[in-house]
>>> print(open('my_file-v6.pdb').read())   # PDB, C-alpha atoms and all ligand atoms
ATOM      1  CA  MET R   1       0.000   0.000   0.000
ATOM      2  CA  LYS R   2       1.509   3.313  -1.096
ATOM      3  CA  ASP R   3       1.881   5.844   1.715
ATOM      4  CA  PHE R   4       0.613   9.325   0.927
ATOM      5  CA  GLU R   5       2.993  11.551   2.826
ATOM      6  CA  ASN R   6       1.860  14.667   1.059
ATOM      7  CA  SER R   7      -0.350  15.973   3.842
ATOM      8  CA  PHE R   8      -1.232  19.519   4.783
ATOM      9  CA  SER R   9      -2.589  21.024   7.958
ATOM     10  CA  LEU R  10      -5.083  23.770   8.661
ATOM     11  CA  ASP R  11      -6.526  25.318  11.818
ATOM     12  CA  VAL R  12     -10.279  24.760  11.782
ATOM     13  CA  ASN R  13     -12.883  24.780  14.545
ATOM     14  CA  ASP R  14     -10.214  25.361  17.220
ATOM     15  CA  HIS R  15      -7.892  22.496  16.332
ATOM     16  CA  LYS R  16      -5.235  21.594  13.776
ATOM     17  CA  VAL R  17      -6.521  19.163  11.170
ATOM     18  CA  SER R  18      -4.174  17.074   9.043
ATOM     19  CA  TYR R  19      -5.400  16.206   5.547
ATOM     20  CA  THR R  20      -4.293  15.066   2.109
ATOM     21  CA  ASP R  21      -5.531  16.663  -1.071
ATOM     22  CA  GLU R  22      -4.724  14.611  -4.151
ATOM     23  CA  GLY R  23      -6.009  13.943  -7.628
ATOM     24  CA  LYS R  24      -7.385  15.783 -10.593
ATOM     25  CA  TYR R  25      -7.961  19.500 -10.743
ATOM     26  CA  GLY R  26     -11.589  20.311 -11.630
ATOM     27  CA  ALA R  27     -12.758  16.709 -11.173
ATOM     28  CA  PRO R  28     -15.509  15.630  -8.735
ATOM     29  CA  VAL R  29     -14.425  16.076  -5.110
ATOM     30  CA  ILE R  30     -14.710  13.167  -2.693
ATOM     31  CA  ILE R  31     -14.011  13.559   1.002
ATOM     32  CA  PHE R  32     -13.297  10.357   2.908
ATOM     33  CA  ILE R  33     -13.961   9.961   6.651
ATOM     34  CA  HIS R  34     -12.148   7.160   8.428
ATOM     35  CA  GLY R  35     -13.414   4.627  10.939
ATOM     36  CA  PHE R  36     -12.564   4.219  14.633
ATOM     37  CA  PRO R  37      -9.816   3.972  15.853
ATOM     38  CA  LEU R  38      -7.950   4.512  12.589
ATOM     39  CA  ASN R  39      -6.827   7.510  10.554
ATOM     40  CA  LYS R  40      -6.759   8.862   7.016
ATOM     41  CA  SER R  41      -4.174   6.253   5.909
ATOM     42  CA  MET R  42      -6.955   3.664   5.848
ATOM     43  CA  TRP R  43      -8.011   5.207   2.518
ATOM     44  CA  ASN R  44      -4.647   4.840   0.757
ATOM     45  CA  LEU R  45      -5.898   2.065  -1.528
ATOM     46  CA  GLN R  46      -8.819   4.260  -2.617
ATOM     47  CA  LEU R  47      -6.490   7.219  -3.202
ATOM     48  CA  GLU R  48      -4.264   5.129  -5.401
ATOM     49  CA  SER R  49      -7.190   3.849  -7.437
ATOM     50  CA  LEU R  50      -9.224   7.045  -7.818
ATOM     51  CA  MET R  51      -6.740   9.876  -8.018
ATOM     52  CA  ASN R  52      -6.764   9.911 -11.821
ATOM     53  CA  TYR R  53     -10.542  10.437 -11.853
ATOM     54  CA  CYS R  54     -11.340  12.621  -8.843
ATOM     55  CA  ARG R  55      -9.997  15.148  -6.419
ATOM     56  CA  ILE R  56      -9.692  13.232  -3.175
ATOM     57  CA  ILE R  57      -9.473  14.626   0.321
ATOM     58  CA  THR R  58      -8.769  12.421   3.312
ATOM     59  CA  TYR R  59      -8.348  13.844   6.797
ATOM     60  CA  ASP R  60      -7.677  12.784  10.361
ATOM     61  CA  ILE R  61     -10.598  13.227  12.710
ATOM     62  CA  ARG R  62      -9.568  15.269  15.763
ATOM     63  CA  GLY R  63      -7.462  13.210  18.165
ATOM     64  CA  PHE R  64      -6.437  10.711  15.451
ATOM     65  CA  GLY R  65      -3.460  10.457  13.099
ATOM     66  CA  ASN R  66      -1.774  13.843  12.973
ATOM     67  CA  SER R  67      -4.769  15.999  13.936
ATOM     68  CA  ASP R  68      -4.873  17.718  17.325
ATOM     69  CA  ALA R  69      -7.558  16.720  19.790
ATOM     70  CA  GLY R  70      -8.524  20.325  20.635
ATOM     71  CA  ASN R  71     -10.265  21.144  23.893
ATOM     72  CA  GLU R  72     -13.903  20.357  23.197
ATOM     73  CA  GLU R  73     -15.716  17.240  24.361
ATOM     74  CA  PHE R  74     -15.801  14.709  21.507
ATOM     75  CA  THR R  75     -19.228  14.108  19.948
ATOM     76  CA  ILE R  76     -20.308  12.887  16.521
ATOM     77  CA  LYS R  77     -21.984  16.287  16.081
ATOM     78  CA  LEU R  78     -18.657  18.040  16.733
ATOM     79  CA  PHE R  79     -16.906  15.742  14.235
ATOM     80  CA  ALA R  80     -19.543  16.677  11.617
ATOM     81  CA  LYS R  81     -19.006  20.374  12.383
ATOM     82  CA  ASP R  82     -15.238  19.855  11.965
ATOM     83  CA  LEU R  83     -15.900  18.386   8.519
ATOM     84  CA  ILE R  84     -17.962  21.413   7.468
ATOM     85  CA  SER R  85     -15.298  23.777   8.837
ATOM     86  CA  LEU R  86     -12.652  21.924   6.803
ATOM     87  CA  MET R  87     -14.822  22.212   3.670
ATOM     88  CA  ASP R  88     -15.273  25.937   4.359
ATOM     89  CA  ALA R  89     -11.541  26.423   4.827
ATOM     90  CA  LEU R  90     -10.859  24.590   1.537
ATOM     91  CA  LYS R  91     -13.683  26.552  -0.167
ATOM     92  CA  ILE R  92     -15.536  23.390  -1.113
ATOM     93  CA  ASP R  93     -19.232  24.250  -1.367
ATOM     94  CA  GLN R  94     -20.373  20.755  -2.158
ATOM     95  CA  THR R  95     -18.757  17.323  -2.200
ATOM     96  CA  ILE R  96     -19.338  13.621  -2.506
ATOM     97  CA  LEU R  97     -18.845  12.185   0.978
ATOM     98  CA  CYS R  98     -17.643   8.679   1.819
ATOM     99  CA  GLY R  99     -17.612   7.413   5.402
ATOM    100  CA  LEU R 100     -16.800   3.994   6.787
ATOM    101  CA  SER R 101     -18.353   2.913  10.099
ATOM    102  CA  MET R 102     -17.716   5.866  12.479
ATOM    103  CA  GLY R 103     -17.066   7.853   9.296
ATOM    104  CA  GLY R 104     -20.580   6.831   8.225
ATOM    105  CA  TYR R 105     -22.082   7.998  11.547
ATOM    106  CA  ILE R 106     -20.418  11.372  10.930
ATOM    107  CA  ALA R 107     -21.575  11.454   7.296
ATOM    108  CA  LEU R 108     -25.172  10.714   8.338
ATOM    109  CA  ASN R 109     -25.065  13.431  11.002
ATOM    110  CA  ALA R 110     -23.579  15.854   8.463
ATOM    111  CA  ILE R 111     -26.201  15.217   5.783
ATOM    112  CA  GLU R 112     -28.943  15.563   8.395
ATOM    113  CA  ASN R 113     -27.677  18.995   9.439
ATOM    114  CA  TYR R 114     -25.984  20.365   6.299
ATOM    115  CA  ALA R 115     -27.817  18.594   3.446
ATOM    116  CA  ASP R 116     -27.008  21.135   0.729
ATOM    117  CA  ARG R 117     -23.246  20.600   1.172
ATOM    118  CA  PHE R 118     -23.357  17.071  -0.254
ATOM    119  CA  SER R 119     -24.035  15.891  -3.799
ATOM    120  CA  ALA R 120     -23.804  12.162  -3.050
ATOM    121  CA  LEU R 121     -22.982   9.791  -0.194
ATOM    122  CA  ILE R 122     -21.127   6.535   0.137
ATOM    123  CA  LEU R 123     -21.988   4.747   3.364
ATOM    124  CA  SER R 124     -19.709   1.846   4.026
ATOM    125  CA  ASP R 125     -19.923  -0.774   6.790
ATOM    126  CA  THR R 126     -22.001   1.495   8.967
ATOM    127  CA  THR R 127     -25.405   1.850  10.596
ATOM    128  CA  CYS R 128     -27.961   4.574  11.299
ATOM    129  CA  LYS R 129     -28.760   3.051  14.691
ATOM    130  CA  ALA R 130     -27.597   4.317  18.078
ATOM    131  CA  ASP R 131     -25.774   1.991  20.481
ATOM    132  CA  THR R 132     -27.886  -0.525  22.375
ATOM    133  CA  THR R 133     -27.484  -0.735  26.166
ATOM    134  CA  GLU R 134     -25.263  -3.775  25.645
ATOM    135  CA  ALA R 135     -23.065  -1.939  23.115
ATOM    136  CA  LYS R 136     -22.720   1.014  25.521
ATOM    137  CA  GLU R 137     -21.617  -1.370  28.281
ATOM    138  CA  LYS R 138     -19.031  -2.892  25.946
ATOM    139  CA  ARG R 139     -17.647   0.576  25.221
ATOM    140  CA  MET R 140     -17.323   1.300  28.951
ATOM    141  CA  LYS R 141     -15.460  -2.006  29.410
ATOM    142  CA  ALA R 142     -13.176  -1.078  26.510
ATOM    143  CA  ILE R 143     -12.398   2.246  28.229
ATOM    144  CA  GLU R 144     -11.523   0.334  31.415
ATOM    145  CA  ASN R 145      -9.304  -2.052  29.427
ATOM    146  CA  ILE R 146      -7.464   0.697  27.595
ATOM    147  CA  THR R 147      -6.925   2.599  30.844
ATOM    148  CA  ASN R 148      -5.635  -0.482  32.688
ATOM    149  CA  ASN R 149      -3.828  -2.412  29.956
ATOM    150  CA  GLY R 150      -2.880   0.145  27.303
ATOM    151  CA  VAL R 151      -3.642   0.275  23.600
ATOM    152  CA  GLU R 152      -1.807  -2.909  22.406
ATOM    153  CA  LYS R 153      -4.403  -5.376  23.672
ATOM    154  CA  TYR R 154      -7.194  -3.181  22.347
ATOM    155  CA  ALA R 155      -5.512  -3.117  18.926
ATOM    156  CA  GLU R 156      -5.318  -6.933  18.793
ATOM    157  CA  ASP R 157      -8.989  -7.316  19.770
ATOM    158  CA  SER R 158     -10.057  -4.717  17.192
ATOM    159  CA  ILE R 159      -8.148  -6.385  14.359
ATOM    160  CA  LYS R 160      -9.999  -9.657  15.007
ATOM    161  CA  ASN R 161     -13.283  -7.827  14.495
ATOM    162  CA  PHE R 162     -12.165  -5.770  11.508
ATOM    163  CA  PHE R 163     -11.162  -8.578   9.142
ATOM    164  CA  THR R 164     -12.007 -12.188   8.379
ATOM    165  CA  PRO R 165      -9.665 -14.714  10.085
ATOM    166  CA  LYS R 166      -8.322 -15.683   6.650
ATOM    167  CA  PHE R 167      -7.267 -12.118   5.889
ATOM    168  CA  VAL R 168      -5.624 -11.646   9.309
ATOM    169  CA  LYS R 169      -3.575 -14.785   8.684
ATOM    170  CA  GLY R 170      -2.585 -14.120   5.097
ATOM    171  CA  LYS R 171      -2.268 -10.354   4.663
ATOM    172  CA  THR R 172       0.234  -9.512   7.322
ATOM    173  CA  GLU R 173       1.370  -6.246   5.720
ATOM    174  CA  GLU R 174      -2.136  -4.734   5.526
ATOM    175  CA  VAL R 175      -2.977  -5.940   9.034
ATOM    176  CA  ALA R 176       0.284  -4.469  10.375
ATOM    177  CA  LEU R 177      -0.626  -1.080   8.865
ATOM    178  CA  VAL R 178      -4.016  -1.134  10.559
ATOM    179  CA  ARG R 179      -2.367  -2.107  13.857
ATOM    180  CA  GLU R 180       0.041   0.803  13.425
ATOM    181  CA  MET R 181      -2.879   3.203  12.913
ATOM    182  CA  ILE R 182      -4.565   2.008  16.104
ATOM    183  CA  LEU R 183      -1.337   2.216  18.126
ATOM    184  CA  LYS R 184      -0.833   5.783  16.926
ATOM    185  CA  SER R 185      -4.033   6.855  18.744
ATOM    186  CA  SER R 186      -3.601   8.132  22.288
ATOM    187  CA  PRO R 187      -5.513   6.357  25.084
ATOM    188  CA  ARG R 188      -7.215   9.686  25.827
ATOM    189  CA  SER R 189      -8.539  10.083  22.273
ATOM    190  CA  LEU R 190      -9.638   6.452  22.185
ATOM    191  CA  CYS R 191     -11.563   6.758  25.442
ATOM    192  CA  ASN R 192     -13.115  10.124  24.555
ATOM    193  CA  THR R 193     -14.234   8.765  21.191
ATOM    194  CA  LEU R 194     -15.682   5.616  22.763
ATOM    195  CA  VAL R 195     -17.861   7.902  24.891
ATOM    196  CA  ALA R 196     -18.857   9.916  21.794
ATOM    197  CA  LEU R 197     -19.770   6.723  19.933
ATOM    198  CA  SER R 198     -21.844   5.407  22.817
ATOM    199  CA  GLU R 199     -23.760   8.688  23.095
ATOM    200  CA  ARG R 200     -24.460   9.169  19.399
ATOM    201  CA  LYS R 201     -28.067   9.647  18.303
ATOM    202  CA  GLN R 202     -29.800   7.435  15.762
ATOM    203  CA  THR R 203     -30.168   8.884  12.263
ATOM    204  CA  CYS R 204     -32.586   6.234  10.903
ATOM    205  CA  THR R 205     -35.756   8.339  11.141
ATOM    206  CA  ARG R 206     -34.325  11.044   8.856
ATOM    207  CA  LEU R 207     -32.956   8.711   6.169
ATOM    208  CA  SER R 208     -36.059   9.188   4.021
ATOM    209  CA  ASP R 209     -35.170  12.926   3.773
ATOM    210  CA  ILE R 210     -32.002  12.089   1.825
ATOM    211  CA  LYS R 211     -32.519  13.030  -1.812
ATOM    212  CA  VAL R 212     -29.003  12.657  -3.263
ATOM    213  CA  PRO R 213     -27.608   9.417  -4.746
ATOM    214  CA  VAL R 214     -26.326   7.054  -2.056
ATOM    215  CA  LEU R 215     -24.154   3.983  -2.436
ATOM    216  CA  ILE R 216     -24.263   1.629   0.524
ATOM    217  CA  MET R 217     -21.456  -0.914   0.669
ATOM    218  CA  VAL R 218     -20.890  -3.583   3.277
ATOM    219  CA  GLY R 219     -18.508  -6.506   3.618
ATOM    220  CA  LYS R 220     -20.446  -9.772   3.420
ATOM    221  CA  GLU R 221     -18.636 -10.963   6.529
ATOM    222  CA  ASP R 222     -18.768  -7.712   8.510
ATOM    223  CA  ILE R 223     -19.491  -8.699  12.117
ATOM    224  CA  ILE R 224     -19.576  -5.137  13.518
ATOM    225  CA  THR R 225     -22.161  -3.628  11.155
ATOM    226  CA  PRO R 226     -23.455  -6.679   9.246
ATOM    227  CA  PRO R 227     -25.145  -6.588   5.807
ATOM    228  CA  ALA R 228     -28.586  -6.397   7.480
ATOM    229  CA  GLU R 229     -27.694  -2.866   8.659
ATOM    230  CA  GLY R 230     -26.925  -1.830   5.093
ATOM    231  CA  GLN R 231     -30.122  -3.481   3.852
ATOM    232  CA  SER R 232     -32.202  -1.613   6.403
ATOM    233  CA  MET R 233     -30.718   1.779   5.386
ATOM    234  CA  HIS R 234     -31.200   0.875   1.726
ATOM    235  CA  GLU R 235     -34.922   0.289   2.340
ATOM    236  CA  LYS R 236     -35.250   3.748   3.913
ATOM    237  CA  ILE R 237     -33.247   5.742   1.349
ATOM    238  CA  LYS R 238     -35.133   5.778  -1.961
ATOM    239  CA  THR R 239     -32.123   7.054  -3.908
ATOM    240  CA  SER R 240     -29.767   4.332  -2.666
ATOM    241  CA  ALA R 241     -28.076   1.282  -4.150
ATOM    242  CA  LEU R 242     -26.741  -1.534  -1.978
ATOM    243  CA  LYS R 243     -23.605  -3.500  -2.846
ATOM    244  CA  ILE R 244     -22.484  -6.399  -0.697
ATOM    245  CA  ILE R 245     -18.715  -6.764  -0.922
ATOM    246  CA  GLU R 246     -17.777 -10.437  -1.175
ATOM    247  CA  SER R 247     -14.852 -11.885   0.798
ATOM    248  CA  ALA R 248     -14.625  -8.909   3.154
ATOM    249  CA  GLY R 249     -15.209  -8.118   6.801
ATOM    250  CA  HIS R 250     -15.738  -4.688   8.414
ATOM    251  CA  LEU R 251     -12.860  -2.876   6.675
ATOM    252  CA  SER R 252     -14.189  -3.859   3.264
ATOM    253  CA  ASN R 253     -12.264  -1.026   1.575
ATOM    254  CA  ILE R 254      -9.020  -2.779   2.566
ATOM    255  CA  GLU R 255     -10.009  -6.443   2.576
ATOM    256  CA  ASN R 256     -11.528  -6.376  -0.918
ATOM    257  CA  SER R 257     -10.276  -3.058  -2.223
ATOM    258  CA  GLU R 258     -10.622  -4.183  -5.825
ATOM    259  CA  GLU R 259     -14.396  -4.654  -5.610
ATOM    260  CA  PHE R 260     -14.825  -1.663  -3.291
ATOM    261  CA  ASN R 261     -12.933   0.643  -5.665
ATOM    262  CA  TYR R 262     -14.759  -0.703  -8.706
ATOM    263  CA  GLN R 263     -18.161   0.043  -7.128
ATOM    264  CA  LEU R 264     -16.974   3.422  -5.894
ATOM    265  CA  ARG R 265     -15.708   4.468  -9.315
ATOM    266  CA  ARG R 266     -18.854   3.330 -11.104
ATOM    267  CA  PHE R 267     -20.966   5.271  -8.623
ATOM    268  CA  VAL R 268     -18.893   8.453  -8.854
ATOM    269  CA  GLU R 269     -19.160   8.377 -12.654
ATOM    270  CA  LEU R 270     -22.948   8.397 -12.337
ATOM    271  CA  VAL R 271     -23.216  11.265  -9.841
ATOM    272  CA  PRO R 272     -24.615  14.434 -11.444
ATOM    273  CA  GLN R 273     -21.899  16.730 -12.733
ATOM    274  CA  LYS R 274     -22.863  19.536 -10.364
ATOM    275  CA  SER R 275     -20.263  18.107  -7.975
ATOM    276  CA  ILE R 276     -17.513  19.238 -10.359
ATOM    277  CA  LEU R 277     -16.046  22.351  -8.842
ATOM    278  CA  PRO R 278     -13.356  24.595 -10.237
ATOM    279  CA  VAL R 279     -11.188  24.375  -7.149
ATOM    280  CA  GLN R 280      -7.474  24.537  -6.605
ATOM    281  CA  ILE R 281      -5.640  21.601  -5.026
ATOM    282  CA  GLY R 282      -3.922  22.277  -1.706
ATOM    283  CA  PRO R 283      -4.331  25.037   0.870
ATOM    284  CA  GLU R 284      -4.608  28.682  -0.113
TER     285      GLU R 284
HETATM  286  C1  LIG F 301     -15.527   1.796  13.314
HETATM  287  O1  LIG F 301     -15.003   1.009  12.531
HETATM  288  O2  LIG F 301     -15.547   3.016  13.094
HETATM  289  C2  LIG F 301     -16.109   1.255  14.595
HETATM  290  O3  LIG F 301     -16.227  -0.113  14.513
HETATM  291  C3  LIG F 301     -17.424   1.927  14.898
HETATM  292  C4  LIG F 301     -18.037   1.486  16.174
HETATM  293  O4  LIG F 301     -17.337   0.974  17.066
HETATM  294  O5  LIG F 301     -19.270   1.666  16.327
END
>>> encode(input="my_file-v6.pdb", output="structure tokens", more="lines below")
Ligand code: MLT
Amino acid sequence: MKDFENSFSLDVNDHKVSYTDEGKYGAPVIIFIHGFPLNKSMWNLQLESLMNYCRIITYDIRGFGNSDAGNEEFTIKLFAKDLISLMDALKIDQTILCGLSMGGYIALNAIENYADRFSALILSDTTCKADTTEAKEKRMKAIENITNNGVEKYAEDSIKNFFTPKFVKGKTEEVALVREMILKSSPRSLCNTLVALSERKQTCTRLSDIKVPVLIMVGKEDIITPPAEGQSMHEKIKTSALKIIESAGHLSNIENSEEFNYQLRRFVELVPQKSILPVQIGPE
């Protein structure tokens, strides 16, 4: 997996955000939002595949990768506001938005509150539902574990849930990169985000308000947000298509990047051309 070192930083919404801005000038813009507890590097395989067709922005959510945590209490709503502030700073009026898992929670919050800023959505391995009581309890246990035992054990447990056992065994390089991303996160950011995830509101009841094209993708073997979650969102969003990604677990963009990228590219080609913006690559 190629590493995209060419990142920039900007001060937005009272914190420093680290982002990459790659691809074709004047082409459709796609902003990618990573999952928990990863960072923008999780999209490197999509960058590689799409940069000749689109302008691609990936960024680190506050507290992850190279972005500062800032001083505010983490919430999904704050993360969505950070995204809009980044778009404002980059003078992007409207974009295609792609979020995986936590990135999807943020994307759904963002489209609920700032609908006119998005021309299309890609929701990957995610759900519109809030945490159940059981899921909230699991998050509190995870906080206890991270506090008492550090991030290493948490990273190993996460990897088992992110990929199929076959992939963990065979694709050591990809798995090592994901482990590295998790280990880069501070215990404080992990714990604060676990609280934010457990307190997030459901977005299911507003899905029928979404009027832009939506591509829902989910790994067939995703055990965190299984295909049924994607199916249920698909039934509520009239403008959506659902693609089940074969031979992939939760991080379907990594485990079957070929199929994921193929579906993504086909979808982006079909999105109305209004998303093409005459914008300059890189910061002002
Ligand atoms: C993610 O991949 O972002 C997480 O699995 C989301 C979650 O824990 O709900």
>>> closest_residue(input="my_file-v6.pdb", among="R:Val29, R:Val268, R:Cys191, R:Leu90", to="ligand LIG 301 (chain F)", atoms="all atoms listed in the file")
R:Cys191
>>> residues_around(input="my_file-v6.pdb", residues="range 115-119 of chain R", least_positions_apart="6", cutoff="8 Å", atoms="only C-alpha atoms", output="VMD selection string")
chain R and resid 93 to 97 210 212 to 213 271 to 272 274 to 275
>>> residues_near_ligand(input="my_file-v6.pdb", ligand="ligand LIG 301 (chain F)", cutoff="6 Å", atoms="all atoms listed in the file", output="list in words")
Gly35, Phe36, Ser101 and Met102 of chain R
>>> atom_distance(input="my_file-v6.pdb", atom1="CA of Lys243 in chain R", atom2="CA of Ile224 in chain R")
16.9 Å
>>> resolve_selection(input="my_file-v6.pdb", expression="the PyMOL selection byres (((chain R and resi 32) around 6) and not hetatm)", output="list in words")
Ile31, Ile33, Thr58, Cys98 and Gly99 of chain R
>>> closest_residue(input="my_file-v6.pdb", among="R:Gln46, R:Ser240, R:Asn109, R:Asn253", to="Lys81 in chain R", atoms="all atoms listed in the file")
R:Asn109
>>> closest_residue(input="my_file-v6.pdb", among="R:Ser158, R:Ser185, R:Ser247, R:Ser49", to="Ser67 in chain R", atoms="all atoms listed in the file")
R:Ser185
>>> atom_distance(input="my_file-v6.pdb", atom1="CA of Met217 in chain R", atom2="CA of Arg266 in chain R")
12.8 Å
>>> decode(input="my_file-v6.pdb", residues="range 7-73 of chain R", atoms="C-alpha atoms", output="mmCIF file, in the first residue's frame")
data_model
loop_
_atom_site.group_PDB
_atom_site.id
_atom_site.type_symbol
_atom_site.label_atom_id
_atom_site.label_comp_id
_atom_site.auth_asym_id
_atom_site.auth_seq_id
_atom_site.Cartn_x
_atom_site.Cartn_y
_atom_site.Cartn_z
ATOM 1 C CA SER R 7 -0.350 15.973 3.842
ATOM 2 C CA PHE R 8 -1.232 19.519 4.783
ATOM 3 C CA SER R 9 -2.589 21.024 7.958
ATOM 4 C CA LEU R 10 -5.083 23.770 8.661
ATOM 5 C CA ASP R 11 -6.526 25.318 11.818
ATOM 6 C CA VAL R 12 -10.279 24.760 11.782
ATOM 7 C CA ASN R 13 -12.883 24.780 14.545
ATOM 8 C CA ASP R 14 -10.214 25.361 17.220
ATOM 9 C CA HIS R 15 -7.892 22.496 16.332
ATOM 10 C CA LYS R 16 -5.235 21.594 13.776
ATOM 11 C CA VAL R 17 -6.521 19.163 11.170
ATOM 12 C CA SER R 18 -4.174 17.074 9.043
ATOM 13 C CA TYR R 19 -5.400 16.206 5.547
ATOM 14 C CA THR R 20 -4.293 15.066 2.109
ATOM 15 C CA ASP R 21 -5.531 16.663 -1.071
ATOM 16 C CA GLU R 22 -4.724 14.611 -4.151
ATOM 17 C CA GLY R 23 -6.009 13.943 -7.628
ATOM 18 C CA LYS R 24 -7.385 15.783 -10.593
ATOM 19 C CA TYR R 25 -7.961 19.500 -10.743
ATOM 20 C CA GLY R 26 -11.589 20.311 -11.630
ATOM 21 C CA ALA R 27 -12.758 16.709 -11.173
ATOM 22 C CA PRO R 28 -15.509 15.630 -8.735
ATOM 23 C CA VAL R 29 -14.425 16.076 -5.110
ATOM 24 C CA ILE R 30 -14.710 13.167 -2.693
ATOM 25 C CA ILE R 31 -14.011 13.559 1.002
ATOM 26 C CA PHE R 32 -13.297 10.357 2.908
ATOM 27 C CA ILE R 33 -13.961 9.961 6.651
ATOM 28 C CA HIS R 34 -12.148 7.160 8.428
ATOM 29 C CA GLY R 35 -13.414 4.627 10.939
ATOM 30 C CA PHE R 36 -12.564 4.219 14.633
ATOM 31 C CA PRO R 37 -9.816 3.972 15.853
ATOM 32 C CA LEU R 38 -7.950 4.512 12.589
ATOM 33 C CA ASN R 39 -6.827 7.510 10.554
ATOM 34 C CA LYS R 40 -6.759 8.862 7.016
ATOM 35 C CA SER R 41 -4.174 6.253 5.909
ATOM 36 C CA MET R 42 -6.955 3.664 5.848
ATOM 37 C CA TRP R 43 -8.011 5.207 2.518
ATOM 38 C CA ASN R 44 -4.647 4.840 0.757
ATOM 39 C CA LEU R 45 -5.898 2.065 -1.528
ATOM 40 C CA GLN R 46 -8.819 4.260 -2.617
ATOM 41 C CA LEU R 47 -6.490 7.219 -3.202
ATOM 42 C CA GLU R 48 -4.264 5.129 -5.401
ATOM 43 C CA SER R 49 -7.190 3.849 -7.437
ATOM 44 C CA LEU R 50 -9.224 7.045 -7.818
ATOM 45 C CA MET R 51 -6.740 9.876 -8.018
ATOM 46 C CA ASN R 52 -6.764 9.911 -11.821
ATOM 47 C CA TYR R 53 -10.542 10.437 -11.853
ATOM 48 C CA CYS R 54 -11.340 12.621 -8.843
ATOM 49 C CA ARG R 55 -9.997 15.148 -6.419
ATOM 50 C CA ILE R 56 -9.692 13.232 -3.175
ATOM 51 C CA ILE R 57 -9.473 14.626 0.321
ATOM 52 C CA THR R 58 -8.769 12.421 3.312
ATOM 53 C CA TYR R 59 -8.348 13.844 6.797
ATOM 54 C CA ASP R 60 -7.677 12.784 10.361
ATOM 55 C CA ILE R 61 -10.598 13.227 12.710
ATOM 56 C CA ARG R 62 -9.568 15.269 15.763
ATOM 57 C CA GLY R 63 -7.462 13.210 18.165
ATOM 58 C CA PHE R 64 -6.437 10.711 15.451
ATOM 59 C CA GLY R 65 -3.460 10.457 13.099
ATOM 60 C CA ASN R 66 -1.774 13.843 12.973
ATOM 61 C CA SER R 67 -4.769 15.999 13.936
ATOM 62 C CA ASP R 68 -4.873 17.718 17.325
ATOM 63 C CA ALA R 69 -7.558 16.720 19.790
ATOM 64 C CA GLY R 70 -8.524 20.325 20.635
ATOM 65 C CA ASN R 71 -10.265 21.144 23.893
ATOM 66 C CA GLU R 72 -13.903 20.357 23.197
ATOM 67 C CA GLU R 73 -15.716 17.240 24.361
#
